[in-house]
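Quick notes on the structure that follows.
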Amino acid sequence: MSAVISSSPIASGLRSSILPPPAKTPGIRGIFFGTLVSSFFTILGIAVILTLLPRVLDWAVFDAVWRVDNGMACREAGACWAFIAAKSRLILFGIYPLEEQWRPQIVITIFLVMALASLPPRLWGRRLVVAWAITFLVVIVLMGGGLFGLSAVPTSAWGGLPVTLLLASLSLVLAFPMSIALAVGRRSNLPIARYLSIGLIEIIRGTPLLSLLFVASILMPLFLPDGWSPDKLMRALVALTIFSAAYLAEVVRGGLQDVSDGQSEAARALGISWFTTMRKIVIPQALRKVIPPLTNTLIVMIKNTSLVFVVGLFDLLSSTRAALADPNWPSPFAEAYLFIGFIYFALCFSTSLYSAWLEKYLGTPFSR
C-alpha cells in the first residue's frame with residue numbers, strides 16, 4: 001500500500017515541490033566578491049574611500065587647530081576643534097547660568113544612569129515606573145531650582161542637551177499610555193470612542209509638527225483660565241506629547257491587529273475582565289510584535305526635538321546656533337554641526353542597537 005502511495009502522481013508532485021535547503025550564509029569574501037556586480041561595487045567603494053580618506057584626515061586631524069584664541073587664524077587651517085573647546089559649555093548647556101552649570105551636568109548623568117538601568121527587561125515593572133517619575137521630578141527641581149537652597153533658574157534660560165533629553169524622554173513617557181488608549185479606542189465597538197480616536201489620530205498625523213508647536217505656543221494660553229499661562233517649555237512638551245501619541249497609536253494598533261481574537265475570547269470564557277485581558281494578555285503581545293516601528297518612532301522623536309527652536313527654546317541645535325553667532329568666531333563652522341550630529345547619532349544608534357538586542361532577547365519574528 002505504501003509503495004502504491006509513494007508511486008502515485010500526487011506523491012511525486014509533492015516531492016517535486018519541496019525546495020532544497022537554503023544555502024549557507026556567505027562569508028566576508030562571498031558578500032563583497034561573491035558576484036561580478038558585488039566585486040565591482042566593492043572595488044569602487046574602496047577606491048572612493050582611499051581617495052577621500054587622506055583629505056578627510058588632513059582636514060580633521062593633521063591640519064586641524066586644537067587651541068587658538070583668534071577665530072580668524074583658526075579659519076586658515078583645517079578643522080577648528082578649538083571652537084568646540086571654547087564653546088562646549090554654550091553648546092551643551094545653552095544660556096544656563098555659568099556658575100550653576102553643575103546642575104545640568106548632574107541632569108545629563110542622571111538620564112544616562114536611568115537609561116542604562118532601564119535596559120534589562122527583568123527590571124521592568126512598577127518600581128521602574130516610580131523610579132522614572134522620581135527622576136523627572138529631581139531633574140525639574142535641579143534645573144529650575146527654588147528649593148533646597150538652589151537658586152531659581154527660569155525655563156527660558158534652560159538649554160542644550162538637558163532640554164533635548166527632557167523633552168524627548170518626558171514626551172514619550174506621557175504619550176505612551178495615551179497612544180495605547182487611542183489604539184484601543186480606534187478598534188473599539190463603541191462608535192463615540194472609535195470616531196473620536198480616529199479623528200484625533202488623523203488630524204494630528206496630518207498636521208506638521210511645526211504647526212503643532214506654533215499652535216501650542218500661540219493658541220494654548222487663549223484656552224486656559226486667566227492668569228494661567230504655561231511657559232514655552234510646557235507648551236512645546238504638550239505639542240510633542242500629542243504628536244508622539246498619534247504616531248505611537250498607529251504602531252500599537254498594528255500590533256493589536258496581529259494578536260488573535262481567540263485569546264480575548266478564551267479570556268472571556270474564563271471569566272477574566274476586559275481590562276485585565278488587555279493589560280496582561282493582549283497589549284504585552286502586541287508591543288512585542290512592534291518593537292522595530294516603536295524604535296523608529298522613538299528615534300524620530302529624539303530628532304524632532306530640534307524643531308523646538310521655532311518657539312524660542314534653546315535645545316541642543318539652538319544652543320549651537322547661538323554659539324555660532326559669536327563675531328570672534330566667524331561662521332560657518334562645520335565642526336559645531338558635526339559635534340552635535342555625533343551626539344544625535346550616539347543617542348539614535350544606541351537606541352537602534354538596543355532594539356535589535358531586545359528583539360533577539362524576546363524572540364520576536366523580526367529577530368529571525
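Chain labels run A, B, ... following the order of the C-alpha cells; each chain numbers its residues from 1, and ligands are numbered from 1 in the order shown.
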Could you please write out, as a PDB file with C-alpha atoms, in the first residue's frame, every residue of range 182-356 of chain A that DSSP assigns to helix (DSSP H, G or I)?
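Output file part-v8.pdb is given in full below:
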ATOM      1  CA  LEU A 182      -6.115  55.780  21.257  1.00  0.00           C
ATOM      2  CA  ALA A 183      -5.195  52.470  19.618  1.00  0.00           C
ATOM      3  CA  VAL A 184      -7.703  50.540  21.729  1.00  0.00           C
ATOM      4  CA  GLY A 185     -10.308  53.231  21.150  1.00  0.00           C
ATOM      5  CA  ARG A 186      -9.842  53.093  17.389  1.00  0.00           C
ATOM      6  CA  PRO A 191     -18.888  54.447  17.953  1.00  0.00           C
ATOM      7  CA  ILE A 192     -18.080  57.547  20.007  1.00  0.00           C
ATOM      8  CA  ALA A 193     -14.740  56.182  21.266  1.00  0.00           C
ATOM      9  CA  ARG A 194     -13.814  54.877  17.817  1.00  0.00           C
ATOM     10  CA  TYR A 195     -14.627  58.062  15.899  1.00  0.00           C
ATOM     11  CA  LEU A 196     -13.013  60.344  18.482  1.00  0.00           C
ATOM     12  CA  SER A 197      -9.830  58.252  18.366  1.00  0.00           C
ATOM     13  CA  ILE A 198      -9.797  58.177  14.575  1.00  0.00           C
ATOM     14  CA  GLY A 199     -10.404  61.914  14.366  1.00  0.00           C
ATOM     15  CA  LEU A 200      -7.634  62.805  16.814  1.00  0.00           C
ATOM     16  CA  ILE A 201      -5.113  60.433  15.263  1.00  0.00           C
ATOM     17  CA  GLU A 202      -5.745  61.504  11.683  1.00  0.00           C
ATOM     18  CA  ILE A 203      -5.801  65.229  12.469  1.00  0.00           C
ATOM     19  CA  ILE A 204      -2.521  65.087  14.368  1.00  0.00           C
ATOM     20  CA  ARG A 205      -0.822  62.823  11.819  1.00  0.00           C
ATOM     21  CA  LEU A 209       4.928  69.214  13.969  1.00  0.00           C
ATOM     22  CA  LEU A 210       5.944  72.810  13.321  1.00  0.00           C
ATOM     23  CA  SER A 211       2.287  73.765  13.064  1.00  0.00           C
ATOM     24  CA  LEU A 212       1.503  71.998  16.332  1.00  0.00           C
ATOM     25  CA  LEU A 213       4.369  73.821  18.037  1.00  0.00           C
ATOM     26  CA  PHE A 214       3.063  77.166  16.812  1.00  0.00           C
ATOM     27  CA  VAL A 215      -0.499  76.291  17.830  1.00  0.00           C
ATOM     28  CA  ALA A 216       0.659  75.229  21.289  1.00  0.00           C
ATOM     29  CA  SER A 217       2.791  78.341  21.666  1.00  0.00           C
ATOM     30  CA  ILE A 218       0.220  80.881  20.472  1.00  0.00           C
ATOM     31  CA  MET A 220      -2.850  77.374  24.146  1.00  0.00           C
ATOM     32  CA  PRO A 221      -2.882  80.379  26.517  1.00  0.00           C
ATOM     33  CA  LEU A 222      -6.156  81.522  24.929  1.00  0.00           C
ATOM     34  CA  PHE A 223      -7.955  78.341  26.016  1.00  0.00           C
ATOM     35  CA  LYS A 232       7.411  77.814  26.394  1.00  0.00           C
ATOM     36  CA  LEU A 233       8.859  74.555  27.656  1.00  0.00           C
ATOM     37  CA  MET A 234       5.447  73.296  28.781  1.00  0.00           C
ATOM     38  CA  ARG A 235       3.812  74.327  25.508  1.00  0.00           C
ATOM     39  CA  ALA A 236       6.456  72.516  23.468  1.00  0.00           C
ATOM     40  CA  LEU A 237       6.096  69.454  25.705  1.00  0.00           C
ATOM     41  CA  VAL A 238       2.337  69.365  25.105  1.00  0.00           C
ATOM     42  CA  ALA A 239       2.805  69.577  21.323  1.00  0.00           C
ATOM     43  CA  LEU A 240       5.475  66.861  21.285  1.00  0.00           C
ATOM     44  CA  THR A 241       3.388  64.603  23.521  1.00  0.00           C
ATOM     45  CA  ILE A 242       0.272  64.847  21.362  1.00  0.00           C
ATOM     46  CA  PHE A 243       2.308  64.350  18.203  1.00  0.00           C
ATOM     47  CA  SER A 244       4.072  61.292  19.640  1.00  0.00           C
ATOM     48  CA  ALA A 245       0.816  59.793  20.908  1.00  0.00           C
ATOM     49  CA  ALA A 246      -0.807  59.926  17.469  1.00  0.00           C
ATOM     50  CA  TYR A 247       2.078  58.157  15.745  1.00  0.00           C
ATOM     51  CA  LEU A 248       2.612  55.629  18.513  1.00  0.00           C
ATOM     52  CA  ALA A 249      -1.118  54.839  18.458  1.00  0.00           C
ATOM     53  CA  GLU A 250      -0.919  53.591  14.883  1.00  0.00           C
ATOM     54  CA  VAL A 251       2.115  51.476  15.743  1.00  0.00           C
ATOM     55  CA  VAL A 252       0.323  49.930  18.720  1.00  0.00           C
ATOM     56  CA  ARG A 253      -2.822  49.378  16.641  1.00  0.00           C
ATOM     57  CA  GLY A 254      -0.778  47.364  14.156  1.00  0.00           C
ATOM     58  CA  GLY A 255       0.379  45.130  16.990  1.00  0.00           C
ATOM     59  CA  LEU A 256      -3.148  44.735  18.352  1.00  0.00           C
ATOM     60  CA  GLN A 257      -4.425  43.621  14.967  1.00  0.00           C
ATOM     61  CA  ASP A 261      -9.073  37.318  18.683  1.00  0.00           C
ATOM     62  CA  GLY A 262      -9.207  33.803  20.039  1.00  0.00           C
ATOM     63  CA  GLN A 263      -7.105  34.838  23.020  1.00  0.00           C
ATOM     64  CA  SER A 264      -9.596  37.511  24.053  1.00  0.00           C
ATOM     65  CA  GLU A 265     -12.451  35.071  23.566  1.00  0.00           C
ATOM     66  CA  ALA A 266     -10.677  32.461  25.688  1.00  0.00           C
ATOM     67  CA  ALA A 267     -10.108  35.054  28.418  1.00  0.00           C
ATOM     68  CA  ARG A 268     -13.789  35.991  28.423  1.00  0.00           C
ATOM     69  CA  ALA A 269     -14.712  32.296  28.617  1.00  0.00           C
ATOM     70  CA  TRP A 274     -11.723  43.071  29.678  1.00  0.00           C
ATOM     71  CA  PHE A 275      -9.266  45.382  31.417  1.00  0.00           C
ATOM     72  CA  THR A 276      -7.192  42.500  32.782  1.00  0.00           C
ATOM     73  CA  THR A 277      -7.249  40.779  29.393  1.00  0.00           C
ATOM     74  CA  MET A 278      -5.906  43.870  27.659  1.00  0.00           C
ATOM     75  CA  ARG A 279      -3.314  44.648  30.326  1.00  0.00           C
ATOM     76  CA  LYS A 280      -1.879  41.167  30.848  1.00  0.00           C
ATOM     77  CA  ILE A 281      -2.599  39.256  27.647  1.00  0.00           C
ATOM     78  CA  VAL A 282      -3.253  41.359  24.558  1.00  0.00           C
ATOM     79  CA  ILE A 283      -1.156  44.524  24.948  1.00  0.00           C
ATOM     80  CA  PRO A 284       2.088  42.775  26.047  1.00  0.00           C
ATOM     81  CA  GLN A 285       1.925  40.535  22.968  1.00  0.00           C
ATOM     82  CA  ALA A 286       1.087  43.479  20.713  1.00  0.00           C
ATOM     83  CA  LEU A 287       4.042  45.513  21.950  1.00  0.00           C
ATOM     84  CA  ARG A 288       6.441  42.610  21.418  1.00  0.00           C
ATOM     85  CA  LYS A 289       5.359  42.430  17.786  1.00  0.00           C
ATOM     86  CA  ILE A 291       9.428  46.700  18.598  1.00  0.00           C
ATOM     87  CA  PRO A 292      11.035  47.891  15.305  1.00  0.00           C
ATOM     88  CA  PRO A 293       8.381  50.543  14.483  1.00  0.00           C
ATOM     89  CA  LEU A 294       8.316  51.632  18.135  1.00  0.00           C
ATOM     90  CA  THR A 295      12.070  52.130  17.979  1.00  0.00           C
ATOM     91  CA  ASN A 296      11.725  54.064  14.742  1.00  0.00           C
ATOM     92  CA  THR A 297       9.172  56.407  16.333  1.00  0.00           C
ATOM     93  CA  LEU A 298      11.440  56.876  19.346  1.00  0.00           C
ATOM     94  CA  ILE A 299      14.382  57.819  17.125  1.00  0.00           C
ATOM     95  CA  VAL A 300      12.245  60.217  15.113  1.00  0.00           C
ATOM     96  CA  MET A 301      11.051  61.948  18.270  1.00  0.00           C
ATOM     97  CA  ILE A 302      14.608  62.368  19.551  1.00  0.00           C
ATOM     98  CA  LYS A 303      15.453  64.213  16.344  1.00  0.00           C
ATOM     99  CA  ASN A 304      12.167  66.125  16.275  1.00  0.00           C
ATOM    100  CA  THR A 305      13.120  67.909  19.492  1.00  0.00           C
ATOM    101  CA  SER A 306      15.437  70.029  17.340  1.00  0.00           C
ATOM    102  CA  LEU A 307      12.343  71.796  15.964  1.00  0.00           C
ATOM    103  CA  VAL A 308      11.505  73.474  19.271  1.00  0.00           C
ATOM    104  CA  PHE A 309      13.838  76.345  18.389  1.00  0.00           C
ATOM    105  CA  VAL A 310      10.962  77.861  16.388  1.00  0.00           C
ATOM    106  CA  VAL A 311       9.148  78.625  19.659  1.00  0.00           C
ATOM    107  CA  LEU A 316      20.948  71.352  21.516  1.00  0.00           C
ATOM    108  CA  LEU A 317      20.602  72.744  17.987  1.00  0.00           C
ATOM    109  CA  SER A 318      19.529  76.203  19.152  1.00  0.00           C
ATOM    110  CA  SER A 319      22.445  76.401  21.567  1.00  0.00           C
ATOM    111  CA  THR A 320      24.804  75.539  18.725  1.00  0.00           C
ATOM    112  CA  ARG A 321      23.303  78.275  16.568  1.00  0.00           C
ATOM    113  CA  ALA A 322      23.786  80.717  19.438  1.00  0.00           C
ATOM    114  CA  ALA A 323      27.439  79.673  19.745  1.00  0.00           C
ATOM    115  CA  LEU A 324      27.940  80.269  16.022  1.00  0.00           C
ATOM    116  CA  ALA A 334      31.012  72.687  10.199  1.00  0.00           C
ATOM    117  CA  GLU A 335      32.753  71.319  13.279  1.00  0.00           C
ATOM    118  CA  ALA A 336      29.894  72.516  15.504  1.00  0.00           C
ATOM    119  CA  TYR A 337      27.276  70.684  13.475  1.00  0.00           C
ATOM    120  CA  LEU A 338      29.490  67.598  13.324  1.00  0.00           C
ATOM    121  CA  PHE A 339      29.748  67.721  17.109  1.00  0.00           C
ATOM    122  CA  ILE A 340      26.004  67.840  17.752  1.00  0.00           C
ATOM    123  CA  GLY A 341      25.444  65.421  14.882  1.00  0.00           C
ATOM    124  CA  PHE A 342      27.653  62.942  16.693  1.00  0.00           C
ATOM    125  CA  ILE A 343      25.575  63.427  19.870  1.00  0.00           C
ATOM    126  CA  TYR A 344      22.315  62.799  17.997  1.00  0.00           C
ATOM    127  CA  PHE A 345      23.885  59.811  16.230  1.00  0.00           C
ATOM    128  CA  ALA A 346      25.067  58.343  19.549  1.00  0.00           C
ATOM    129  CA  LEU A 347      21.571  58.653  21.026  1.00  0.00           C
ATOM    130  CA  CYS A 348      19.780  57.218  17.989  1.00  0.00           C
ATOM    131  CA  PHE A 349      22.277  54.488  17.120  1.00  0.00           C
ATOM    132  CA  SER A 350      22.449  53.214  20.700  1.00  0.00           C
ATOM    133  CA  THR A 351      18.649  53.072  20.696  1.00  0.00           C
ATOM    134  CA  SER A 352      18.715  51.081  17.462  1.00  0.00           C
ATOM    135  CA  LEU A 353      21.297  48.629  18.844  1.00  0.00           C
ATOM    136  CA  TYR A 354      19.244  48.116  21.985  1.00  0.00           C
ATOM    137  CA  SER A 355      16.150  47.466  19.878  1.00  0.00           C
ATOM    138  CA  ALA A 356      17.977  44.792  17.878  1.00  0.00           C
TER     139      ALA A 356
END
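As for CA of Met114 in chain A and CA of Gly145 in chain A, they are spaced 21.1 Å apart.
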**OP:** Tell me, in Å to one decimal, how far CA of Ala79 in chain A is from CA of Leu53 in chain A.
**Re:**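 Separation between CA of Ala79 in chain A and CA of Leu53 in chain A: 14.7 Å.
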Residues near Arg89 in chain A, cut-off 10 Å, only C-alpha atoms, skip fewer than 3 positions along chain, as a short mmCIF file (atom, residue, chain, number, x, y, z; two decimals) with C-alpha atoms, in the first residue's frame:
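Saved file around-v1.cif follows:
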data_model
loop_
_atom_site.label_atom_id
_atom_site.label_comp_id
_atom_site.auth_asym_id
_atom_site.auth_seq_id
_atom_site.Cartn_x
_atom_site.Cartn_y
_atom_site.Cartn_z
CA ILE A 84 34.23 73.25 20.16
CA ALA A 85 36.54 73.51 23.17
CA ALA A 86 35.77 77.20 23.60
CA LEU A 92 25.78 71.62 25.81
CA PHE A 93 24.03 73.86 28.37
CA GLY A 94 22.80 76.88 26.39
CA ILE A 95 22.44 80.14 28.28
CA TYR A 96 22.10 78.41 31.64
CA LEU A 98 27.65 79.64 34.17
CA GLN A 101 26.07 74.61 35.17
CA GLY A 160 21.36 72.45 25.38
CA SER A 319 22.45 76.40 21.57
CA ALA A 323 27.44 79.67 19.74
#
Subject >> Atom pair CA of Leu358 in chain A / CA of Ser260 in chain A: separation (Å) >> reply: 22.8 Å
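In terms of minimum interatomic distance to Leu167 in chain A, A:Phe111 ranks closest within A:Leu119, A:Ser179, A:Phe111, A:Leu36, counting only C-alpha atoms.
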